[in-house]
Structures are given as C-alpha cells and as structure tokens.
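Shown next: final20.cif, given as mmCIF, C-alpha atoms.
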```cif
data_start
#
loop_
_atom_site.group_PDB
_atom_site.id
_atom_site.type_symbol
_atom_site.label_atom_id
_atom_site.label_comp_id
_atom_site.auth_asym_id
_atom_site.auth_seq_id
_atom_site.Cartn_x
_atom_site.Cartn_y
_atom_site.Cartn_z
ATOM 1 C CA MET A 17 -21.695 6.863 38.849
ATOM 2 C CA ALA A 18 -24.611 4.534 39.489
ATOM 3 C CA GLU A 19 -24.936 1.530 37.251
ATOM 4 C CA LEU A 20 -27.488 1.824 34.472
ATOM 5 C CA GLN A 21 -30.637 -0.060 35.346
ATOM 6 C CA THR A 22 -31.793 -0.739 31.819
ATOM 7 C CA LYS A 23 -29.881 -1.100 28.594
ATOM 8 C CA VAL A 24 -31.430 1.246 26.093
ATOM 9 C CA ALA A 25 -31.439 0.024 22.505
ATOM 10 C CA ARG A 26 -29.676 3.022 21.079
ATOM 11 C CA PRO A 27 -29.648 3.586 17.339
ATOM 12 C CA LEU A 28 -26.397 2.528 15.672
ATOM 13 C CA SER A 29 -24.817 4.571 12.943
ATOM 14 C CA PRO A 30 -25.779 3.138 9.556
ATOM 15 C CA HIS A 31 -23.123 1.115 7.776
ATOM 16 C CA LEU A 32 -22.513 -0.239 4.269
ATOM 17 C CA GLN A 33 -25.594 -2.435 3.975
ATOM 18 C CA ILE A 34 -27.917 0.522 4.598
ATOM 19 C CA PHE A 35 -26.760 2.634 1.691
ATOM 20 C CA ARG A 36 -27.454 2.274 -2.007
ATOM 21 C CA PRO A 37 -24.082 1.537 -3.639
ATOM 22 C CA LEU A 38 -22.622 4.618 -5.299
ATOM 23 C CA LEU A 39 -19.638 4.713 -7.640
ATOM 24 C CA THR A 40 -17.612 6.909 -5.303
ATOM 25 C CA MET A 41 -18.394 4.624 -2.384
ATOM 26 C CA VAL A 42 -17.442 1.492 -4.323
ATOM 27 C CA MET A 43 -14.206 3.192 -5.385
ATOM 28 C CA SER A 44 -13.414 3.998 -1.771
ATOM 29 C CA ILE A 45 -13.952 0.358 -0.787
ATOM 30 C CA VAL A 46 -11.905 -0.853 -3.753
ATOM 31 C CA HIS A 47 -9.085 1.498 -2.745
ATOM 32 C CA ARG A 48 -8.955 -0.233 0.622
ATOM 33 C CA ILE A 49 -9.221 -3.726 -0.894
ATOM 34 C CA THR A 50 -6.469 -3.007 -3.425
ATOM 35 C CA GLY A 51 -4.325 -1.702 -0.571
ATOM 36 C CA GLY A 52 -4.856 -5.005 1.242
ATOM 37 C CA ALA A 53 -3.994 -6.982 -1.885
ATOM 38 C CA LEU A 54 -0.803 -4.990 -2.420
ATOM 39 C CA TYR A 55 0.062 -5.652 1.230
ATOM 40 C CA ALA A 56 -0.181 -9.423 0.743
ATOM 41 C CA GLY A 57 1.557 -9.175 -2.633
ATOM 42 C CA THR A 58 4.715 -7.732 -1.094
ATOM 43 C CA ALA A 59 5.416 -11.289 0.104
ATOM 44 C CA LEU A 60 5.768 -12.285 -3.572
ATOM 45 C CA LEU A 61 8.000 -9.281 -4.154
ATOM 46 C CA ALA A 62 10.216 -10.226 -1.210
ATOM 47 C CA TRP A 63 10.300 -13.828 -2.462
ATOM 48 C CA TYR A 64 11.473 -12.655 -5.901
ATOM 49 C CA LEU A 65 14.279 -10.531 -4.402
ATOM 50 C CA VAL A 66 15.399 -13.163 -1.871
ATOM 51 C CA ALA A 67 15.355 -15.815 -4.633
ATOM 52 C CA ALA A 68 17.538 -13.582 -6.813
ATOM 53 C CA ALA A 69 19.933 -13.113 -3.888
ATOM 54 C CA SER A 70 19.960 -16.857 -3.071
ATOM 55 C CA GLY A 71 21.303 -18.062 -6.399
ATOM 56 C CA PRO A 72 20.369 -19.424 -9.834
ATOM 57 C CA ASP A 73 18.355 -22.407 -8.558
ATOM 58 C CA ALA A 74 16.102 -20.414 -6.222
ATOM 59 C CA PHE A 75 15.705 -17.763 -8.894
ATOM 60 C CA ALA A 76 14.751 -20.387 -11.482
ATOM 61 C CA THR A 77 11.985 -21.638 -9.173
ATOM 62 C CA ALA A 78 10.609 -18.105 -8.675
ATOM 63 C CA SER A 79 10.897 -17.380 -12.413
ATOM 64 C CA TRP A 80 9.072 -20.607 -13.201
ATOM 65 C CA PHE A 81 6.225 -19.610 -10.863
ATOM 66 C CA PHE A 82 5.880 -16.055 -12.192
ATOM 67 C CA GLY A 83 6.080 -17.369 -15.760
ATOM 68 C CA SER A 84 3.358 -19.998 -15.213
ATOM 69 C CA ILE A 85 -0.267 -19.319 -16.119
ATOM 70 C CA ILE A 86 -1.222 -18.796 -12.475
ATOM 71 C CA GLY A 87 1.822 -16.611 -11.932
ATOM 72 C CA GLN A 88 1.037 -14.486 -14.976
ATOM 73 C CA LEU A 89 -2.591 -14.100 -13.878
ATOM 74 C CA ILE A 90 -1.424 -12.988 -10.434
ATOM 75 C CA LEU A 91 1.010 -10.507 -11.989
ATOM 76 C CA PHE A 92 -1.691 -9.173 -14.319
ATOM 77 C CA GLY A 93 -4.057 -8.714 -11.378
ATOM 78 C CA TYR A 94 -1.265 -7.226 -9.302
ATOM 79 C CA THR A 95 -0.532 -4.729 -12.074
ATOM 80 C CA TRP A 96 -4.123 -3.499 -12.120
ATOM 81 C CA VAL A 97 -4.345 -3.442 -8.314
ATOM 82 C CA TRP A 98 -1.121 -1.426 -8.125
ATOM 83 C CA ILE A 99 -2.173 1.100 -10.773
ATOM 84 C CA HIS A 100 -5.692 1.422 -9.369
ATOM 85 C CA HIS A 101 -4.368 2.065 -5.870
ATOM 86 C CA ALA A 102 -1.776 4.516 -7.243
ATOM 87 C CA LEU A 103 -4.396 6.483 -9.204
ATOM 88 C CA GLY A 104 -6.665 6.372 -6.145
ATOM 89 C CA GLY A 105 -3.766 7.864 -4.198
ATOM 90 C CA ILE A 106 -3.439 10.695 -6.727
ATOM 91 C CA ARG A 107 -7.191 11.281 -6.262
ATOM 92 C CA HIS A 108 -6.579 11.571 -2.524
ATOM 93 C CA PHE A 109 -3.804 14.112 -3.178
ATOM 94 C CA ILE A 110 -6.291 16.215 -5.153
ATOM 95 C CA TRP A 111 -8.739 15.986 -2.254
ATOM 96 C CA ASP A 112 -5.944 16.911 0.180
ATOM 97 C CA THR A 113 -5.663 20.271 -1.579
ATOM 98 C CA GLY A 114 -9.351 20.885 -0.846
ATOM 99 C CA HIS A 115 -10.471 20.419 -4.453
ATOM 100 C CA GLY A 116 -12.659 17.841 -6.161
ATOM 101 C CA TYR A 117 -15.370 17.458 -3.530
ATOM 102 C CA GLY A 118 -18.331 18.512 -5.690
ATOM 103 C CA VAL A 119 -20.753 15.861 -6.997
ATOM 104 C CA GLU A 120 -19.566 16.204 -10.597
ATOM 105 C CA ALA A 121 -15.897 16.314 -9.654
ATOM 106 C CA ARG A 122 -16.223 13.267 -7.400
ATOM 107 C CA ASN A 123 -17.920 11.203 -10.061
ATOM 108 C CA TRP A 124 -15.513 12.370 -12.747
ATOM 109 C CA LEU A 125 -12.535 11.427 -10.557
ATOM 110 C CA ALA A 126 -14.042 8.010 -9.816
ATOM 111 C CA LYS A 127 -14.602 7.260 -13.511
ATOM 112 C CA ALA A 128 -11.189 8.653 -14.493
ATOM 113 C CA THR A 129 -9.505 6.413 -11.912
ATOM 114 C CA LEU A 130 -11.333 3.332 -13.170
ATOM 115 C CA ILE A 131 -10.819 4.028 -16.885
ATOM 116 C CA GLY A 132 -7.224 5.066 -16.176
ATOM 117 C CA SER A 133 -6.364 1.958 -14.190
ATOM 118 C CA VAL A 134 -7.752 -0.424 -16.832
ATOM 119 C CA SER A 135 -6.072 1.516 -19.681
ATOM 120 C CA VAL A 136 -2.666 1.748 -18.032
ATOM 121 C CA THR A 137 -2.767 -1.939 -17.058
ATOM 122 C CA ILE A 138 -3.409 -2.911 -20.677
ATOM 123 C CA LEU A 139 -0.673 -0.491 -21.785
ATOM 124 C CA VAL A 140 1.874 -1.980 -19.359
ATOM 125 C CA TRP A 141 1.112 -5.522 -20.532
ATOM 126 C CA ALA A 142 1.195 -4.450 -24.176
ATOM 127 C CA ILE A 143 4.695 -3.089 -23.530
ATOM 128 C CA ALA A 144 5.590 -6.301 -21.710
ATOM 129 C CA LEU A 145 4.480 -8.419 -24.673
ATOM 130 C CA ILE A 146 6.263 -6.170 -27.199
ATOM 131 C CA VAL A 147 9.634 -6.100 -25.421
ATOM 132 C CA ARG A 148 9.504 -9.795 -24.536
ATOM 133 C CA MET B 1 -14.282 32.042 26.259
ATOM 134 C CA PRO B 2 -16.188 28.845 25.534
ATOM 135 C CA ARG B 3 -17.131 26.980 28.650
ATOM 136 C CA PHE B 4 -15.021 23.862 27.977
ATOM 137 C CA SER B 5 -11.968 25.544 26.516
ATOM 138 C CA ASN B 6 -9.909 24.843 29.628
ATOM 139 C CA MET B 7 -10.522 21.103 29.737
ATOM 140 C CA ARG B 8 -7.169 20.540 28.016
ATOM 141 C CA THR B 9 -3.935 21.402 29.738
ATOM 142 C CA PRO B 10 -1.768 24.154 28.233
ATOM 143 C CA LEU B 11 0.911 21.561 27.432
ATOM 144 C CA ALA B 12 -1.579 19.366 25.544
ATOM 145 C CA LYS B 13 -2.706 22.401 23.550
ATOM 146 C CA VAL B 14 0.856 23.275 22.586
ATOM 147 C CA ARG B 15 1.710 19.695 21.652
ATOM 148 C CA GLY B 16 -1.458 19.445 19.583
ATOM 149 C CA LEU B 17 -1.328 15.644 19.533
ATOM 150 C CA GLY B 18 -4.963 15.001 20.463
ATOM 151 C CA SER B 19 -6.392 12.063 22.395
ATOM 152 C CA ALA B 20 -4.379 9.409 20.569
ATOM 153 C CA HIS B 21 -1.106 11.251 21.391
ATOM 154 C CA GLU B 22 0.079 10.819 17.822
ATOM 155 C CA GLY B 23 -1.274 13.942 16.168
ATOM 156 C CA THR B 24 -1.149 13.890 12.384
ATOM 157 C CA GLU B 25 2.048 11.829 12.205
ATOM 158 C CA HIS B 26 0.456 8.823 10.505
ATOM 159 C CA PHE B 27 -1.526 10.991 8.098
ATOM 160 C CA TRP B 28 1.550 12.924 7.047
ATOM 161 C CA ARG B 29 3.826 9.865 6.804
ATOM 162 C CA GLN B 30 1.216 8.097 4.683
ATOM 163 C CA ARG B 31 1.201 11.049 2.258
ATOM 164 C CA LEU B 32 5.006 11.282 2.065
ATOM 165 C CA THR B 33 5.427 7.549 1.426
ATOM 166 C CA ALA B 34 2.591 7.684 -1.125
ATOM 167 C CA VAL B 35 4.614 10.218 -3.125
ATOM 168 C CA SER B 36 7.801 8.158 -2.972
ATOM 169 C CA ASN B 37 5.885 4.940 -3.717
ATOM 170 C CA LEU B 38 4.414 6.515 -6.832
ATOM 171 C CA PHE B 39 7.843 7.223 -8.333
ATOM 172 C CA LEU B 40 9.792 4.267 -6.959
ATOM 173 C CA THR B 41 7.277 1.531 -7.839
ATOM 174 C CA THR B 42 6.941 2.990 -11.341
ATOM 175 C CA PHE B 43 10.725 2.747 -11.646
ATOM 176 C CA PHE B 44 10.611 -0.846 -10.363
ATOM 177 C CA VAL B 45 7.964 -1.894 -12.886
ATOM 178 C CA GLY B 46 10.174 -0.369 -15.569
ATOM 179 C CA VAL B 47 13.075 -2.483 -14.293
ATOM 180 C CA LEU B 48 10.900 -5.618 -14.322
ATOM 181 C CA LEU B 49 9.742 -4.930 -17.886
ATOM 182 C CA SER B 50 13.341 -4.565 -19.024
ATOM 183 C CA LEU B 51 14.361 -7.774 -17.229
ATOM 184 C CA GLN B 52 11.557 -10.131 -18.203
ATOM 185 C CA ALA B 53 13.487 -11.635 -21.105
ATOM 186 C CA GLY B 54 16.783 -11.511 -19.213
ATOM 187 C CA THR B 55 18.833 -14.388 -17.835
ATOM 188 C CA TYR B 56 19.766 -14.748 -14.178
ATOM 189 C CA ALA B 57 23.054 -12.985 -14.901
ATOM 190 C CA ASP B 58 21.185 -10.061 -16.502
ATOM 191 C CA VAL B 59 18.903 -9.751 -13.474
ATOM 192 C CA ILE B 60 21.848 -9.754 -11.051
ATOM 193 C CA ALA B 61 23.776 -7.266 -13.185
ATOM 194 C CA THR B 62 20.823 -4.845 -13.230
ATOM 195 C CA LEU B 63 19.921 -5.205 -9.551
ATOM 196 C CA SER B 64 23.544 -4.738 -8.503
ATOM 197 C CA HIS B 65 23.824 -1.392 -10.285
ATOM 198 C CA PRO B 66 24.149 1.198 -7.475
ATOM 199 C CA VAL B 67 21.378 3.463 -8.775
ATOM 200 C CA VAL B 68 18.957 0.541 -9.137
ATOM 201 C CA ALA B 69 19.930 -0.893 -5.734
ATOM 202 C CA ILE B 70 19.536 2.473 -3.971
ATOM 203 C CA LEU B 71 16.145 3.172 -5.544
ATOM 204 C CA LEU B 72 14.819 -0.325 -4.832
ATOM 205 C CA ILE B 73 16.007 -0.269 -1.205
ATOM 206 C CA GLY B 74 14.261 3.092 -0.896
ATOM 207 C CA MET B 75 11.156 1.597 -2.495
ATOM 208 C CA MET B 76 11.052 -1.324 -0.042
ATOM 209 C CA ILE B 77 11.406 0.994 2.979
ATOM 210 C CA SER B 78 8.779 3.389 1.632
ATOM 211 C CA VAL B 79 6.348 0.621 0.643
ATOM 212 C CA THR B 80 6.592 -1.224 3.961
ATOM 213 C CA LEU B 81 6.101 1.978 5.996
ATOM 214 C CA HIS B 82 3.063 2.861 3.879
ATOM 215 C CA MET B 83 1.468 -0.581 4.027
ATOM 216 C CA ARG B 84 2.002 -0.856 7.780
ATOM 217 C CA ILE B 85 0.058 2.357 8.408
ATOM 218 C CA GLY B 86 -2.636 1.387 5.901
ATOM 219 C CA MET B 87 -3.186 -2.043 7.436
ATOM 220 C CA GLN B 88 -3.220 -0.552 10.932
ATOM 221 C CA VAL B 89 -6.086 1.726 9.873
ATOM 222 C CA ILE B 90 -7.984 -1.283 8.520
ATOM 223 C CA ILE B 91 -7.378 -3.233 11.750
ATOM 224 C CA GLU B 92 -8.479 -0.293 13.900
ATOM 225 C CA ASP B 93 -11.644 0.021 11.827
ATOM 226 C CA TYR B 94 -12.720 -3.618 11.836
ATOM 227 C CA VAL B 95 -11.177 -5.417 14.820
ATOM 228 C CA HIS B 96 -13.313 -4.396 17.764
ATOM 229 C CA ASP B 97 -11.968 -6.789 20.402
ATOM 230 C CA ASP B 98 -9.275 -4.937 22.365
ATOM 231 C CA GLY B 99 -6.931 -7.888 22.856
ATOM 232 C CA LEU B 100 -7.239 -9.121 19.300
ATOM 233 C CA ARG B 101 -6.642 -5.613 17.995
ATOM 234 C CA VAL B 102 -3.382 -5.257 19.920
ATOM 235 C CA VAL B 103 -2.220 -8.662 18.614
ATOM 236 C CA ALA B 104 -3.239 -7.786 15.053
ATOM 237 C CA ILE B 105 -1.466 -4.429 15.125
ATOM 238 C CA GLY B 106 1.650 -6.129 16.486
ATOM 239 C CA ALA B 107 1.503 -8.869 13.847
ATOM 240 C CA ASN B 108 1.073 -6.175 11.198
ATOM 241 C CA THR B 109 4.292 -4.500 12.336
ATOM 242 C CA PHE B 110 6.155 -7.811 12.309
ATOM 243 C CA PHE B 111 4.943 -8.636 8.791
ATOM 244 C CA ALA B 112 5.976 -5.235 7.441
ATOM 245 C CA ALA B 113 9.346 -5.525 9.182
ATOM 246 C CA ILE B 114 10.006 -9.044 7.845
ATOM 247 C CA ILE B 115 9.216 -7.940 4.280
ATOM 248 C CA ALA B 116 11.430 -4.877 4.662
ATOM 249 C CA ILE B 117 14.395 -6.700 6.236
ATOM 250 C CA ALA B 118 14.264 -9.663 3.813
ATOM 251 C CA SER B 119 14.008 -7.444 0.726
ATOM 252 C CA VAL B 120 16.643 -4.928 1.791
ATOM 253 C CA PHE B 121 19.033 -7.715 2.781
ATOM 254 C CA ALA B 122 18.478 -9.447 -0.576
ATOM 255 C CA LEU B 123 19.096 -6.202 -2.471
ATOM 256 C CA LEU B 124 22.257 -5.471 -0.466
ATOM 257 C CA LYS B 125 23.572 -9.009 -0.959
ATOM 258 C CA ILE B 126 23.059 -8.748 -4.715
ATOM 259 C CA ALA B 127 24.537 -5.241 -4.818
ATOM 260 C CA PHE B 128 27.653 -6.223 -2.880
ATOM 261 C CA GLY B 129 28.061 -9.304 -5.028
ATOM 262 C CA ALA B 130 28.217 -11.923 -2.285
#
```
Any chance you could put this one into structure tokens?
Amino acid sequence: MAELQTKVARPLSPHLQIFRPLLTMVMSIVHRITGGALYAGTALLAWYLVAAASGPDAFATASWFFGSIIGQLILFGYTWVWIHHALGGIRHFIWDTGHGYGVEARNWLAKATLIGSVSVTILVWAIALIVR
Amino acid sequence: MPRFSNMRTPLAKVRGLGSAHEGTEHFWRQRLTAVSNLFLTTFFVGVLLSLQAGTYADVIATLSHPVVAILLIGMMISVTLHMRIGMQVIIEDYVHDDGLRVVAIGANTFFAAIIAIASVFALLKIAFGA
C-alpha cells in the first residue's frame, strides 16, 4: 500500500478529562486504584509471613513496624482498601449476571459499596480494639 | 451468509480464542480467584484479629495448624494469580510503548511469583516446624 502523503488529525476517543466526574465512574477508578494498592501491599503480607518463619527476632521487627503509628495507619488504610475492593468485586459479580445496569441500580450499588466499605472497616477495627 | 464470515479459519472458529489467542481465560480465572479471595482473605483477617494480642509462640502455633496453613497457602496462590492478571490489565491499558509493555508485564509476573513463593515457603516452614 502506498505511503500516506499527509497525516490527518483524526479525532481521538475522549478520555477521563473530558467527562464530568460521576459517582459510578469514580468508583470504577477507585476499584482499580485499590487493586493496585492491594498489589503493593502483598509485599507487607509476605514480609509478615517470612518474618514469622525466620524466627522471634525478625518477627519482633515486623511486629514493631505494624504496631507503630505508621504501621497502624497503613493497616487501617489497607483494611478499607481490601474491603472496598472486595465489595467492588461483589458488584462486578452482580453485573456478571446481567443485572444492575440501570441508572438507579448503578448509583445504588456505588453508594452501597462506599457506605459498606467504610462501615465494615470501622466494624473490623472496633472488633480489633475490643479483642486486643 | 454475511460477506466477511469466512475471514476466520474453521479451526479458529472452533477454538474461539479470538485475536489475542487467549479467549476468556483471564476473565474466567479472575472471577474464580475473586471468589476464593473473598472467603480466604476474610478468614485471614479473622486469624490476624485473633492473633494481634498473641506472642510469637501463639502466632507460630496458629499458623502451623494444618487447616490454617492450607487455607493461607491457598489464599496466597489465589491472591497472587488474581493480582497478576489485574496488574497486567492496568499495564496493557496505560503502557503504550511496546518494549516497555513487554518488560512491565514480565516484571509483573516476577513480582507476583516472588510474593507467592516467599509466602508459601514461609507458611510451609512454619507448618512443618523447621
């Protein structure tokens, strides 16, 4: 095929910055971000398990970190990220069955995921503080 | 018959794998691991909650229980499979340079594998009491 003589400035498909932010759209983005955070967080999980397998000294170091203020903040954030991604996953399962695509259903699911993730996170940490 | 219906070979039609030659394998695996992640990570958080006041000996005793060890090894395999697919989707969406994309997808596999191997080894070592 002959080479194109001129490069036509074709229209590109619109991306994020073109659209007005909608709750469902933000939730979709957050689902991806939380997935990325959980991905990085598995390094902490592996560290915890390897430390436990390495002996009391290594475990004490890991325990010290997770018990510190920064460690606790990370764990609190990780808890919410985990629950939010999990509830987002359940939302995807509902969509996989072909249900929940209407405007009302979409918005209800988005709000339920958000309210649910915050509530369950607080519940988990309430349990953590009670059994401590 | 539609004009372009014969563009695909009969074998390709039967295989049904599409242009990427992978079909719906990633989609389906992501759903299966999502289900197992849901149950196994919930179990793990329960374990962590019960262990937070425990000593090192308590932690080792719990993690070396066969049921706990089996479920947590399953969790690590399930989680690392799931996160590898998820990150690959993100890379394929945002990394447009061909060479960089191949490197990133490879690095993603290595990261997931390292996490899986390290965690499973640690769990086995604790379980077998070495």
Worksheet item: Which one of A:Ala56, A:Ile45, A:Ala126, A:Ala69 sits closest to chain B if you count all atoms listed in the file?
Response: A:Ala69
Worksheet item: Exactly which residues make up the result of the PyMOL selection byres ((chain B and resi 86) around 12) on this file, given as a ChimeraX atom specification?
Response: /A:47-55,101 /B:26-27,29-31,33-34,79-85,87-93,105,108-109,112
Kindly provide, as AutoDock Vina command-line options, the centre and edge lengths (Å, one decimal) of an axis-aligned box around all atoms of stretch 80-95 of chain B given in the file, with 4 Å on each side.
```
--center_x -3.1 --center_y -1.3 --center_z 9.3 --size_x 27.3 --size_y 16.3 --size_z 18.9
```
Response to the item:
Students should find that atom CA of A:Arg107 and atom CA of A:Trp124 are spaced 10.6 Å
Item to complete: Dump as a VMD selection string the residues of chain B that approach chain A to within 7 Å, counting all atoms listed in the file.
Response: chain B and resid 38 49 52 to 53 56 83 115 118 to 119 122 to 123 125 to 126
